[in-house]
file input12.txt (compact mmCIF, C-alpha atoms (C1' of nucleotides))
# COMPACT_ATOMS: atom_id res chain seq x y z
CA MET H 197 -8.45 -5.89 -34.86
CA PRO H 198 -7.12 -4.54 -31.61
CA LYS H 199 -7.25 -0.96 -30.51
CA ARG H 200 -10.85 -0.96 -31.64
CA VAL H 201 -12.38 -1.80 -28.28
CA ASP H 202 -13.76 0.59 -25.71
CA HIS H 203 -11.38 0.19 -22.83
CA ASP H 204 -13.74 1.26 -20.08
CA ALA H 205 -16.62 -0.77 -21.46
CA ARG H 206 -14.43 -3.86 -21.51
CA ARG H 207 -13.44 -3.28 -17.90
CA GLU H 208 -17.07 -3.05 -16.94
CA GLU H 209 -17.89 -6.28 -18.74
CA ILE H 210 -15.22 -8.06 -16.77
CA ALA H 211 -16.32 -6.51 -13.51
CA ARG H 212 -19.89 -7.59 -14.21
CA ALA H 213 -18.69 -11.12 -14.73
CA ALA H 214 -17.07 -10.92 -11.30
CA LEU H 215 -20.33 -9.71 -9.75
CA ARG H 216 -22.32 -12.53 -11.37
CA LEU H 217 -19.82 -15.03 -10.06
CA CYS H 218 -20.01 -13.54 -6.57
CA VAL H 219 -23.75 -14.05 -6.51
CA ARG H 220 -23.98 -17.45 -8.17
CA GLU H 221 -21.04 -19.19 -6.52
CA GLY H 222 -20.24 -17.04 -3.51
CA PRO H 223 -17.65 -14.35 -2.83
CA GLU H 224 -14.77 -16.80 -2.43
CA ALA H 225 -15.34 -18.00 -6.01
CA VAL H 226 -14.31 -14.64 -7.40
CA THR H 227 -10.81 -15.46 -8.64
CA VAL H 228 -9.03 -14.11 -11.66
CA GLY H 229 -9.21 -17.43 -13.44
CA ARG H 230 -12.90 -17.95 -12.89
CA VAL H 231 -13.75 -14.39 -13.78
CA ALA H 232 -11.96 -14.99 -17.07
CA VAL H 233 -14.07 -18.09 -17.73
CA GLU H 234 -17.25 -16.27 -16.73
CA ALA H 235 -16.37 -13.43 -19.10
CA SER H 236 -15.32 -15.89 -21.82
CA ILE H 237 -11.88 -14.41 -22.19
CA SER H 238 -8.38 -15.49 -21.29
CA LYS H 239 -6.87 -15.08 -17.89
CA GLY H 240 -4.17 -12.94 -19.43
CA LEU H 241 -6.73 -10.51 -20.75
CA VAL H 242 -8.21 -9.98 -17.33
CA GLN H 243 -4.74 -8.99 -16.25
CA HIS H 244 -4.43 -6.69 -19.19
CA TYR H 245 -7.39 -4.69 -17.98
CA PHE H 246 -6.78 -5.11 -14.26
CA PRO H 247 -3.09 -5.33 -13.34
CA ALA H 248 -4.13 -6.24 -9.81
CA LYS H 249 -7.16 -8.10 -8.61
CA GLU H 250 -7.98 -5.42 -6.09
CA GLU H 251 -8.69 -2.99 -8.91
CA LEU H 252 -11.23 -5.41 -10.29
CA LEU H 253 -12.98 -5.59 -6.95
CA ARG H 254 -12.87 -1.85 -6.60
CA LEU H 255 -14.50 -1.29 -9.97
CA ALA H 256 -17.06 -3.99 -9.25
CA ALA H 257 -17.98 -2.34 -5.96
CA THR H 258 -18.14 1.09 -7.55
CA MET H 259 -20.37 -0.23 -10.32
CA ARG H 260 -22.64 -1.91 -7.83
CA ARG H 261 -23.08 1.38 -6.04
CA HIS H 262 -23.83 3.16 -9.28
CA ASP H 263 -26.28 0.44 -10.26
CA ILE H 264 -28.21 0.95 -7.07
CA GLU H 265 -28.13 4.72 -7.35
CA SER H 266 -29.34 4.43 -10.93
CA ALA H 267 -32.20 2.24 -9.81
CA PHE H 268 -33.16 4.91 -7.30
CA ALA H 269 -32.91 7.66 -9.89
CA ALA H 270 -34.91 5.68 -12.42
CA ALA H 271 -37.67 5.09 -9.89
CA VAL H 272 -38.73 8.73 -9.72
CA ARG H 273 -40.17 10.70 -12.59
CA PRO H 274 -39.46 14.43 -12.87
CA GLY H 275 -42.95 15.59 -12.02
CA ASP H 276 -43.59 13.27 -9.09
CA PRO H 277 -44.70 14.86 -5.84
CA PRO H 278 -42.25 14.15 -3.01
CA ARG H 279 -44.38 11.52 -1.29
CA THR H 280 -44.68 9.58 -4.51
CA ALA H 281 -40.98 9.91 -5.16
CA LEU H 282 -40.17 8.73 -1.66
CA ARG H 283 -42.34 5.65 -2.03
CA GLN H 284 -40.93 4.89 -5.47
CA VAL H 285 -37.36 5.07 -4.22
CA LEU H 286 -38.07 2.74 -1.32
CA LEU H 287 -39.92 0.37 -3.62
CA ALA H 288 -36.90 0.37 -5.89
CA LEU H 289 -34.81 -0.74 -2.92
CA VAL H 290 -37.26 -3.52 -2.12
CA ASP H 291 -37.15 -4.61 -5.76
CA LEU H 292 -33.39 -4.47 -6.18
CA GLY H 293 -33.06 -8.17 -6.65
CA ALA H 294 -30.76 -10.79 -5.25
CA GLU H 295 -27.72 -9.79 -7.24
CA GLN H 296 -27.54 -6.24 -5.93
CA ILE H 297 -28.41 -7.28 -2.39
CA LEU H 298 -25.95 -10.14 -2.12
CA THR H 299 -22.99 -8.30 -3.58
CA GLY H 300 -23.82 -5.36 -1.35
CA HIS H 301 -23.59 -7.58 1.72
CA ALA H 302 -20.40 -9.16 0.42
CA PHE H 303 -18.71 -5.80 0.06
CA LEU H 304 -20.00 -4.64 3.42
CA ALA H 305 -18.47 -7.72 5.03
CA SER H 306 -15.06 -6.62 3.77
CA THR H 307 -15.28 -3.01 4.88
CA ALA H 308 -13.43 -3.63 8.12
CA ALA H 309 -10.49 -5.16 6.30
CA ASN H 310 -10.48 -2.85 3.29
CA PRO H 311 -10.45 0.91 3.88
CA GLN H 312 -11.24 1.66 0.23
CA LEU H 313 -14.41 -0.41 0.38
CA HIS H 314 -15.23 1.12 3.72
CA ARG H 315 -15.15 4.59 2.28
CA LEU H 316 -17.12 3.61 -0.80
CA TYR H 317 -19.84 1.90 1.22
CA ARG H 318 -20.00 4.64 3.79
CA GLU H 319 -20.34 7.33 1.15
CA GLY H 320 -23.03 5.38 -0.66
CA LEU H 321 -25.00 4.90 2.53
CA SER H 322 -24.55 8.51 3.47
CA ALA H 323 -25.73 9.76 0.09
CA ALA H 324 -28.75 7.47 0.12
CA THR H 325 -29.69 8.55 3.62
CA ALA H 326 -29.36 12.20 2.73
CA ALA H 327 -31.43 11.81 -0.43
CA VAL H 328 -34.20 9.96 1.38
CA ALA H 329 -34.08 12.46 4.23
CA ARG H 330 -34.58 15.25 1.75
CA LEU H 331 -37.63 13.52 0.31
CA VAL H 332 -38.96 12.96 3.82
CA ALA H 333 -38.54 16.62 4.66
CA GLU H 334 -40.24 17.67 1.45
CA SER H 335 -43.05 15.22 2.06
CA TYR H 336 -43.84 15.82 5.67
CA GLY H 337 -42.46 19.21 6.50
CA PRO H 338 -39.82 20.40 8.95
CA ALA H 339 -41.62 18.97 11.97
CA VAL H 340 -40.36 15.45 11.33
CA ALA H 341 -36.83 14.28 12.08
CA ALA H 342 -35.91 13.74 8.47
CA GLU H 343 -32.65 11.87 8.90
CA ALA H 344 -33.98 9.58 11.60
CA GLU H 345 -37.06 8.77 9.53
CA ALA H 346 -34.85 8.19 6.52
CA ARG H 347 -32.73 5.67 8.40
CA ILE H 348 -35.83 3.85 9.61
CA LEU H 349 -37.31 3.76 6.12
CA LEU H 350 -34.09 2.66 4.47
CA GLY H 351 -33.50 0.04 7.11
CA ALA H 352 -37.02 -1.30 6.80
CA ALA H 353 -36.87 -1.38 3.01
CA GLY H 354 -33.49 -3.07 3.07
CA ALA H 355 -34.68 -5.68 5.52
CA LEU H 356 -37.72 -6.31 3.36
CA ALA H 357 -35.45 -6.76 0.36
CA ASP H 358 -33.40 -9.28 2.32
CA ALA H 359 -36.48 -11.15 3.46
CA LEU H 360 -37.78 -11.17 -0.09
CA MET H 361 -34.53 -12.54 -1.40
CA LEU H 362 -34.44 -15.25 1.25
CA GLY H 363 -37.99 -16.29 0.46
CA GLU H 364 -39.27 -15.19 3.85
CA THR H 365 -41.94 -12.97 2.39
CA ASP H 366 -43.68 -12.19 -0.85
CA ARG H 367 -43.59 -8.85 -2.59
CA ASP H 368 -47.16 -7.84 -1.78
CA THR H 369 -46.56 -8.27 1.92
CA ALA H 370 -43.31 -6.35 1.69
CA VAL H 371 -45.01 -3.47 -0.10
CA ALA H 372 -47.81 -3.48 2.43
CA THR H 373 -45.29 -3.32 5.25
CA LEU H 374 -43.52 -0.41 3.63
CA ASP H 375 -46.82 1.40 3.12
CA LEU H 376 -47.72 0.81 6.73
CA GLN H 377 -44.74 2.88 7.75
CA LEU H 378 -45.23 5.52 5.07
CA ASN H 379 -48.89 5.98 5.88
CA ARG H 380 -48.04 6.39 9.51
CA LEU H 381 -45.79 9.30 8.65
CA ALA H 382 -48.54 10.77 6.50
CA ALA H 383 -51.20 10.32 9.18
CA ASP H 384 -49.64 13.25 10.96
CA PRO H 385 -46.87 13.79 13.39
CA ALA H 386 -47.93 14.21 16.98
CA SER H 387 -45.60 17.12 17.45
CA MET E 15 -1.94 -35.98 27.84
CA PRO E 16 -4.37 -36.43 25.00
CA LYS E 17 -7.94 -37.52 25.34
CA ARG E 18 -8.28 -35.04 28.17
CA VAL E 19 -9.63 -32.19 26.04
CA ASP E 20 -13.25 -31.25 25.55
CA HIS E 21 -13.83 -31.98 21.90
CA ASP E 22 -16.72 -29.60 21.35
CA ALA E 23 -15.06 -26.78 23.26
CA ARG E 24 -11.96 -27.17 21.12
CA ARG E 25 -14.05 -26.99 17.98
CA GLU E 26 -15.64 -23.80 19.20
CA GLU E 27 -12.27 -22.25 19.96
CA ILE E 28 -11.17 -22.92 16.41
CA ALA E 29 -14.41 -21.61 14.94
CA ARG E 30 -14.04 -18.43 16.99
CA ALA E 31 -10.58 -17.95 15.58
CA ALA E 32 -12.13 -18.19 12.12
CA LEU E 33 -14.71 -15.56 13.01
CA ARG E 34 -12.07 -13.19 14.36
CA LEU E 35 -10.09 -13.62 11.17
CA CYS E 36 -13.15 -12.96 9.04
CA VAL E 37 -13.70 -9.64 10.77
CA ARG E 38 -10.12 -8.46 11.02
CA GLU E 39 -8.82 -9.49 7.61
CA GLY E 40 -11.94 -10.11 5.56
CA PRO E 41 -13.84 -13.24 4.61
CA GLU E 42 -11.34 -14.33 1.96
CA ALA E 43 -8.64 -14.53 4.64
CA VAL E 44 -10.41 -17.39 6.37
CA THR E 45 -8.23 -20.29 5.23
CA VAL E 46 -7.31 -23.41 7.14
CA GLY E 47 -3.72 -22.33 7.50
CA ARG E 48 -4.50 -18.88 8.81
CA VAL E 49 -7.17 -20.14 11.16
CA ALA E 50 -4.53 -22.44 12.61
CA VAL E 51 -2.17 -19.51 13.18
CA GLU E 52 -4.97 -17.43 14.69
CA ALA E 53 -5.86 -20.28 17.03
CA SER E 54 -2.17 -20.92 17.78
CA ILE E 55 -2.33 -24.56 16.78
CA SER E 56 -1.04 -26.59 13.89
CA LYS E 57 -2.76 -26.85 10.57
CA GLY E 58 -3.05 -30.59 11.09
CA LEU E 59 -4.99 -30.06 14.29
CA VAL E 60 -7.56 -27.92 12.55
CA GLN E 61 -8.06 -30.85 10.21
CA HIS E 62 -8.34 -33.19 13.16
CA TYR E 63 -11.35 -31.29 14.42
CA PHE E 64 -12.77 -30.32 11.03
CA PRO E 65 -12.14 -32.91 8.32
CA ALA E 66 -13.50 -30.45 5.78
CA LYS E 67 -13.35 -26.68 5.79
CA GLU E 68 -17.05 -26.40 5.14
CA GLU E 69 -17.76 -27.92 8.55
CA LEU E 70 -15.68 -25.20 10.13
CA LEU E 71 -17.71 -22.53 8.37
CA ARG E 72 -20.93 -24.26 9.30
CA LEU E 73 -20.06 -24.33 12.98
CA ALA E 74 -18.86 -20.74 12.83
CA ALA E 75 -22.14 -19.62 11.29
CA THR E 76 -24.16 -21.62 13.79
CA MET E 77 -22.20 -20.15 16.67
CA ARG E 78 -22.68 -16.66 15.32
CA ARG E 79 -26.41 -17.21 15.23
CA HIS E 80 -26.39 -18.52 18.78
CA ASP E 81 -24.28 -15.60 19.91
CA ILE E 82 -26.82 -13.16 18.56
CA GLU E 83 -29.74 -15.06 20.01
CA SER E 84 -27.97 -15.15 23.36
CA ALA E 85 -27.46 -11.41 23.21
CA PHE E 86 -31.18 -11.01 22.65
CA ALA E 87 -32.04 -13.37 25.47
CA ALA E 88 -29.62 -11.65 27.83
CA ALA E 89 -31.14 -8.27 27.07
CA VAL E 90 -34.45 -9.01 28.69
CA ARG E 91 -34.97 -9.72 32.35
CA PRO E 92 -37.71 -12.13 33.46
CA GLY E 93 -39.97 -9.54 34.98
CA ASP E 94 -39.73 -6.94 32.23
CA PRO E 95 -43.00 -5.66 30.79
CA PRO E 96 -43.26 -6.38 27.06
CA ARG E 97 -42.53 -2.84 25.91
CA THR E 98 -39.35 -2.78 27.95
CA ALA E 99 -38.36 -6.19 26.66
CA LEU E 100 -38.99 -5.12 23.09
CA ARG E 101 -36.83 -2.05 23.47
CA GLN E 102 -34.09 -4.00 25.18
CA VAL E 103 -33.98 -6.59 22.42
CA LEU E 104 -33.75 -3.94 19.73
CA LEU E 105 -31.07 -2.10 21.69
CA ALA E 106 -29.15 -5.35 21.92
CA LEU E 107 -29.25 -5.54 18.12
CA VAL E 108 -28.00 -1.98 17.82
CA ASP E 109 -25.20 -2.78 20.26
CA LEU E 110 -24.15 -6.07 18.70
CA GLY E 111 -20.79 -4.78 17.64
CA ALA E 112 -18.80 -4.98 14.48
CA GLU E 113 -17.83 -8.62 14.81
CA GLN E 114 -21.36 -9.95 14.90
CA ILE E 115 -22.55 -7.58 12.20
CA LEU E 116 -19.74 -8.17 9.75
CA THR E 117 -19.75 -11.94 9.99
CA GLY E 118 -23.51 -11.87 9.65
CA HIS E 119 -23.22 -9.98 6.38
CA ALA E 120 -20.46 -12.29 5.21
CA PHE E 121 -22.60 -15.36 5.75
CA LEU E 122 -25.61 -13.70 4.18
CA ALA E 123 -23.55 -12.99 1.08
CA SER E 124 -22.94 -16.71 0.67
CA THR E 125 -26.52 -17.84 1.14
CA ALA E 126 -27.24 -17.96 -2.57
CA ALA E 127 -24.30 -20.28 -3.19
CA ASN E 128 -24.63 -22.39 -0.04
CA PRO E 129 -28.01 -23.96 0.75
CA GLN E 130 -26.94 -24.89 4.28
CA LEU E 131 -26.11 -21.30 5.09
CA HIS E 132 -29.28 -20.19 3.40
CA ARG E 133 -31.37 -22.36 5.66
CA LEU E 134 -29.47 -21.34 8.77
CA TYR E 135 -29.80 -17.62 8.04
CA ARG E 136 -33.41 -17.90 7.01
CA GLU E 137 -34.33 -19.77 10.17
CA GLY E 138 -32.48 -17.28 12.33
CA LEU E 139 -34.21 -14.34 10.69
CA SER E 140 -37.55 -16.08 10.93
CA ALA E 141 -37.12 -16.83 14.61
CA ALA E 142 -36.02 -13.29 15.38
CA THR E 143 -38.93 -11.82 13.48
CA ALA E 144 -41.38 -14.10 15.24
CA ALA E 145 -39.95 -13.29 18.65
CA VAL E 146 -40.07 -9.56 18.04
CA ALA E 147 -43.55 -9.84 16.57
CA ARG E 148 -44.69 -11.57 19.72
CA LEU E 149 -43.29 -8.75 21.84
CA VAL E 150 -44.97 -6.22 19.58
CA ALA E 151 -48.30 -7.99 19.94
CA GLU E 152 -47.93 -8.16 23.70
CA SER E 153 -46.95 -4.52 23.85
CA TYR E 154 -49.49 -2.94 21.61
CA GLY E 155 -52.37 -5.35 21.39
CA PRO E 156 -53.94 -7.22 18.51
CA ALA E 157 -54.78 -4.08 16.57
CA VAL E 158 -51.26 -3.69 15.23
CA ALA E 159 -49.80 -5.79 12.44
CA ALA E 160 -47.25 -7.50 14.61
CA GLU E 161 -45.13 -9.17 11.96
CA ALA E 162 -44.99 -6.09 9.76
CA GLU E 163 -44.03 -3.90 12.70
CA ALA E 164 -41.44 -6.46 13.73
CA ARG E 165 -39.82 -6.37 10.30
CA ILE E 166 -39.75 -2.59 10.35
CA LEU E 167 -38.24 -2.51 13.82
CA LEU E 168 -35.67 -5.20 13.09
CA GLY E 169 -34.75 -3.56 9.81
CA ALA E 170 -34.37 -0.17 11.43
CA ALA E 171 -32.31 -1.54 14.32
CA GLY E 172 -30.11 -3.51 11.94
CA ALA E 173 -29.54 -0.49 9.74
CA LEU E 174 -28.67 1.56 12.82
CA ALA E 175 -26.17 -1.11 13.85
CA ASP E 176 -24.61 -0.96 10.40
CA ALA E 177 -24.46 2.84 10.47
CA LEU E 178 -22.93 2.70 13.92
CA MET E 179 -20.31 0.23 12.79
CA LEU E 180 -19.44 2.32 9.76
CA GLY E 181 -19.08 5.44 11.86
CA GLU E 182 -22.05 7.12 10.23
CA THR E 183 -23.78 7.78 13.51
CA ASP E 184 -23.20 7.76 17.21
CA ARG E 185 -24.99 5.54 19.65
CA ASP E 186 -27.14 8.25 21.20
CA THR E 187 -28.55 9.22 17.84
CA ALA E 188 -29.17 5.60 16.99
CA VAL E 189 -31.03 5.04 20.25
CA ALA E 190 -33.04 8.20 19.72
CA THR E 191 -33.99 7.02 16.25
CA LEU E 192 -35.09 3.66 17.58
CA ASP E 193 -37.14 5.33 20.30
CA LEU E 194 -38.74 7.57 17.72
CA GLN E 195 -40.22 4.53 16.07
CA LEU E 196 -41.12 2.79 19.33
CA ASN E 197 -42.82 5.85 20.74
CA ARG E 198 -44.83 6.18 17.57
CA LEU E 199 -46.20 2.69 18.09
CA ALA E 200 -46.99 3.55 21.69
CA ALA E 201 -48.62 6.85 20.81
CA ASP E 202 -51.60 4.90 19.61
CA PRO E 203 -52.63 3.00 16.55
CA ALA E 204 -54.97 4.87 14.28
CA SER E 205 -57.10 1.81 13.78
C1' DT J 218 -0.30 -54.95 30.22
C1' DC J 219 -1.25 -54.36 25.70
C1' DG J 220 -3.84 -52.84 21.83
C1' DT J 221 -6.94 -49.15 20.65
C1' DT J 222 -8.08 -44.65 20.63
C1' DT J 223 -7.21 -39.84 20.59
C1' DA J 224 -4.56 -35.33 20.46
C1' DC J 225 -1.38 -33.29 18.10
C1' DG J 226 2.64 -32.10 14.78
C1' DA J 227 4.71 -32.52 10.40
C1' DT J 228 5.00 -33.32 5.76
C1' DA J 229 3.47 -34.12 1.25
C1' DC J 230 0.60 -33.49 -2.81
C1' DG J 231 -2.03 -31.88 -6.60
C1' DA J 232 -4.70 -27.94 -7.63
C1' DT J 233 -5.28 -23.29 -7.97
C1' DC J 234 -4.13 -18.84 -6.53
C1' DG J 235 -2.37 -13.95 -8.25
C1' DT J 236 1.05 -12.14 -11.01
C1' DA J 237 4.93 -11.81 -14.37
C1' DC J 238 6.39 -12.54 -18.72
C1' DT J 239 6.33 -13.88 -23.10
C1' DG J 240 4.55 -14.03 -28.26
C1' DT J 241 1.47 -12.43 -32.00
C1' DA J 242 -1.34 -9.82 -34.87
C1' DA J 243 -3.89 -5.84 -35.99
C1' DA J 244 -4.68 -0.85 -35.97
C1' DC J 245 -2.77 3.58 -35.44
C1' DG J 246 0.68 8.03 -35.90
C1' DC J 247 4.31 9.54 -38.54
C1' DG M 100 5.43 2.03 -45.04
C1' DC M 101 7.08 1.44 -40.45
C1' DG M 102 7.60 1.62 -35.70
C1' DT M 103 4.71 2.07 -31.77
C1' DT M 104 0.88 0.86 -29.42
C1' DT M 105 -2.77 -2.13 -27.99
C1' DA M 106 -5.75 -6.39 -27.67
C1' DC M 107 -5.36 -10.74 -26.77
C1' DA M 108 -3.56 -15.81 -25.76
C1' DG M 109 -0.45 -18.64 -23.53
C1' DT M 110 2.77 -20.04 -20.34
C1' DA M 111 5.52 -19.92 -16.24
C1' DC M 112 6.26 -19.34 -11.38
C1' DG M 113 6.34 -19.17 -6.51
C1' DA M 114 2.94 -19.18 -2.96
C1' DT M 115 -0.81 -20.98 -0.84
C1' DC M 116 -4.93 -23.49 -1.05
C1' DG M 117 -7.58 -27.79 1.04
C1' DT M 118 -6.77 -32.35 2.05
C1' DA M 119 -4.40 -36.89 2.69
C1' DT M 120 -1.13 -39.27 5.18
C1' DC M 121 2.20 -40.51 8.52
C1' DG M 122 4.53 -40.34 13.09
C1' DT M 123 4.40 -39.84 18.05
C1' DA M 124 2.98 -39.86 22.57
C1' DA M 125 -0.30 -40.18 26.08
C1' DA M 126 -4.59 -41.87 28.10
C1' DC M 127 -7.99 -45.29 27.94
C1' DG M 128 -10.59 -50.24 27.78
C1' DA M 129 -9.66 -55.00 27.85
call {"tool": "encode", "arguments": {"input": "input12.txt", "output": "structure tokens"}}
result
Amino acid sequence: MPKRVDHDARREEIARAALRLCVREGPEAVTVGRVAVEASISKGLVQHYFPAKEELLRLAATMRRHDIESAFAAAVRPGDPPRTALRQVLLALVDLGAEQILTGHAFLASTAANPQLHRLYREGLSAATAAVARLVAESYGPAVAAEAEARILLGAAGALADALMLGETDRDTAVATLDLQLNRLAADPAS
Amino acid sequence: MPKRVDHDARREEIARAALRLCVREGPEAVTVGRVAVEASISKGLVQHYFPAKEELLRLAATMRRHDIESAFAAAVRPGDPPRTALRQVLLALVDLGAEQILTGHAFLASTAANPQLHRLYREGLSAATAAVARLVAESYGPAVAAEAEARILLGAAGALADALMLGETDRDTAVATLDLQLNRLAADPAS
DNA sequence: TCGTTTACGATACGATCGTACTGTAAACGC
DNA sequence: GCGTTTACAGTACGATCGTATCGTAAACGA
């Protein structure tokens, strides 16, 4: 019963298998053959959907970015005041989970050797920074340096996510640390 | 003239070749054969010094950690007051350079699949956090949550280093962002 | 001085890599 | 109904992987 499948959906399934493999067995385990096994299909079928391995990686990286952006979007509810939205977005980053974090680092490690990945990662980071900066500006007014604060917040939240993943911290402590920084911004800017 | 070489130094040379390769051509390019070419020696000689590839990676990761810790140590001068030392250490992180950053991310991406790397990375992060926390405590007194502030500072500095490497920011802006956070701590703690 | 050790090159080997190329069967357009 | 298209499996192939093994030559301990 061929021709009945959703081409794009099938590609995403395969790319997700690659991402799972990257997390569970490390980036160097992501080979066409093992992706096929992980996806429970034949090696030839992987080729059918991805003529070259690089396309697989590209889709996987693109999906990972979309996953993270979706997590951010899902964290805020339409009516939320900006400070709530800001906190929810940063909490979503802290709560991303090992799979998102690890594959993110894996792709980042290849950005110097792969211009396509470089652009994808750079754009994702840029968009996230801009979005958080906008929330910062809405939350604390024009007196604060929105982009600088956004980079600090995103960096702190990312580091907390890493520490959480590595077992260096528990979630309550991570949330408390994040709130420490957020409350400081709320306390009032000196200038 | 064999037997005249410094065994450990030779191992480090080879491991450095592996690190260069990881940065320039991506983590998946780090194979025994290509490391040999990068180090301008024979493939057999790489085996002579590293019976298994995993030992090569382990030494490379260990060296990378030591490199970073050395950069931190070199950033502070014996007589520096704690606030200066703290800033210098964080600046050293911002200025690490693409090679240290990228290989760091590459190793982090493998921590879930490699318990040895996991332990190494975890210990390195733990030591860095503790050291920065100590500087924070010395700088701002016992009223501040030293470890939490250290994680925020390290996360922010690391994110700035990433942004710098990706070309998202320039160094002056990164330093200004770091100082924004440091000055806020200095301004005074509310409690 | 002679056997052991060590540095190094070279080659070989089975496995696996990414990719190319089949074959087959089912759904579609005409 | 029939040819084209598409989903899929299987196989083949040259390259390269990590590792094992051998050869050689020079310094060492005895």
call {"tool": "residues_near_point", "arguments": {"input": "input12.txt", "point": "(-45.6, 15.6, 4.7)", "cutoff": "8 Å", "atoms": "all atoms listed in the file", "output": "PDB file with C-alpha atoms, keeping the file's coordinate frame"}}
result
ATOM      1  CA  ARG H 279     -44.380  11.520  -1.290  1.00  0.00           C
ATOM      2  CA  VAL H 332     -38.960  12.960   3.820  1.00  0.00           C
ATOM      3  CA  ALA H 333     -38.540  16.620   4.660  1.00  0.00           C
ATOM      4  CA  GLU H 334     -40.240  17.670   1.450  1.00  0.00           C
ATOM      5  CA  SER H 335     -43.050  15.220   2.060  1.00  0.00           C
ATOM      6  CA  TYR H 336     -43.840  15.820   5.670  1.00  0.00           C
ATOM      7  CA  GLY H 337     -42.460  19.210   6.500  1.00  0.00           C
ATOM      8  CA  LEU H 381     -45.790   9.300   8.650  1.00  0.00           C
ATOM      9  CA  ALA H 382     -48.540  10.770   6.500  1.00  0.00           C
ATOM     10  CA  ASP H 384     -49.640  13.250  10.960  1.00  0.00           C
TER      11      ASP H 384
END
call {"tool": "residues_around", "arguments": {"input": "input12.txt", "residues": "DT239 (chain J)", "least_positions_apart": "4", "cutoff": "10 Å", "atoms": "all atoms listed in the file", "output": "list in words"}}
result
DG109, DT110 and DA111 of chain M
call {"tool": "write_last_selection", "arguments": {"input": "input12.txt", "atoms": "C-alpha atoms (C1' of nucleotides)", "output": "tab-separated table (two decimals), in the coordinates of the input"}}
result
chain	number	residue	atom	x	y	z
M	109	DG	C1'	-0.45	-18.64	-23.53
M	110	DT	C1'	2.77	-20.04	-20.34
M	111	DA	C1'	5.52	-19.92	-16.24
call {"tool": "atom_distance", "arguments": {"input": "input12.txt", "atom1": "CA of Ala177 (chain E)", "atom2": "CA of Asn379 (chain H)"}}
result
25.1 Å
call {"tool": "interface_residues", "arguments": {"input": "input12.txt", "of": "chain J", "to": "chain H", "cutoff": "8 Å", "atoms": "only C-alpha atoms (C1' of nucleotides)", "output": "list of chain:residue names"}}
result
J:DC234, J:DG235, J:DT236, J:DA243, J:DA244
call {"tool": "interface_residues", "arguments": {"input": "input12.txt", "of": "chain M", "to": "chain H", "cutoff": "10 Å", "atoms": "all atoms listed in the file", "output": "list in words"}}
result
DT104, DT105, DA106, DC107, DA108, DG109 and DT110 of chain M
call {"tool": "closest_atom_pairs", "arguments": {"input": "input12.txt", "of": "chain H", "to": "chain E", "cutoff": "6 Å", "atoms": "all atoms listed in the file", "output": "tab-separated table"}}
result
residue	atom	partner	partner_atom	distance
H:Arg220	CA	E:Ala127	CA	5.7
H:Glu221	CA	E:Ala127	CA	4.8
H:Gly222	CA	E:Ser124	CA	5.0
H:Leu298	CA	E:Ala123	CA	4.9
H:His301	CA	E:His119	CA	5.3
H:Ala302	CA	E:Ala123	CA	5.0
H:Ala305	CA	E:Leu116	CA	4.9
H:Ser306	CA	E:Gly40	CA	5.0
H:Ala309	CA	E:Glu39	CA	4.8
H:Ala344	CA	E:Thr191	CA	5.3
H:Ile348	CA	E:Ala170	CA	4.6
H:Gly351	CA	E:Ala170	CA	4.4
H:Ala352	CA	E:Gly169	CA	4.4
H:Ala355	CA	E:Gly169	CA	4.8
H:Thr373	CA	E:Ala162	CA	5.3
call {"tool": "closest_residue", "arguments": {"input": "input12.txt", "among": "E:Thr76, E:Ser84, E:Thr98, E:Ser54", "to": "Leu149 (chain E)", "atoms": "all atoms listed in the file"}}
result
E:Thr98
call {"tool": "atom_distance", "arguments": {"input": "input12.txt", "atom1": "CA of Phe64 (chain E)", "atom2": "CA of Arg25 (chain E)"}}
result
7.8 Å
call {"tool": "atom_distance", "arguments": {"input": "input12.txt", "atom1": "CA of Gln114 (chain E)", "atom2": "CA of Val146 (chain E)"}}
result
19.0 Å
call {"tool": "closest_residue", "arguments": {"input": "input12.txt", "among": "H:Leu313, H:Leu378, H:Val272, H:Val290", "to": "Ala256 (chain H)", "atoms": "all atoms listed in the file"}}
result
H:Leu313
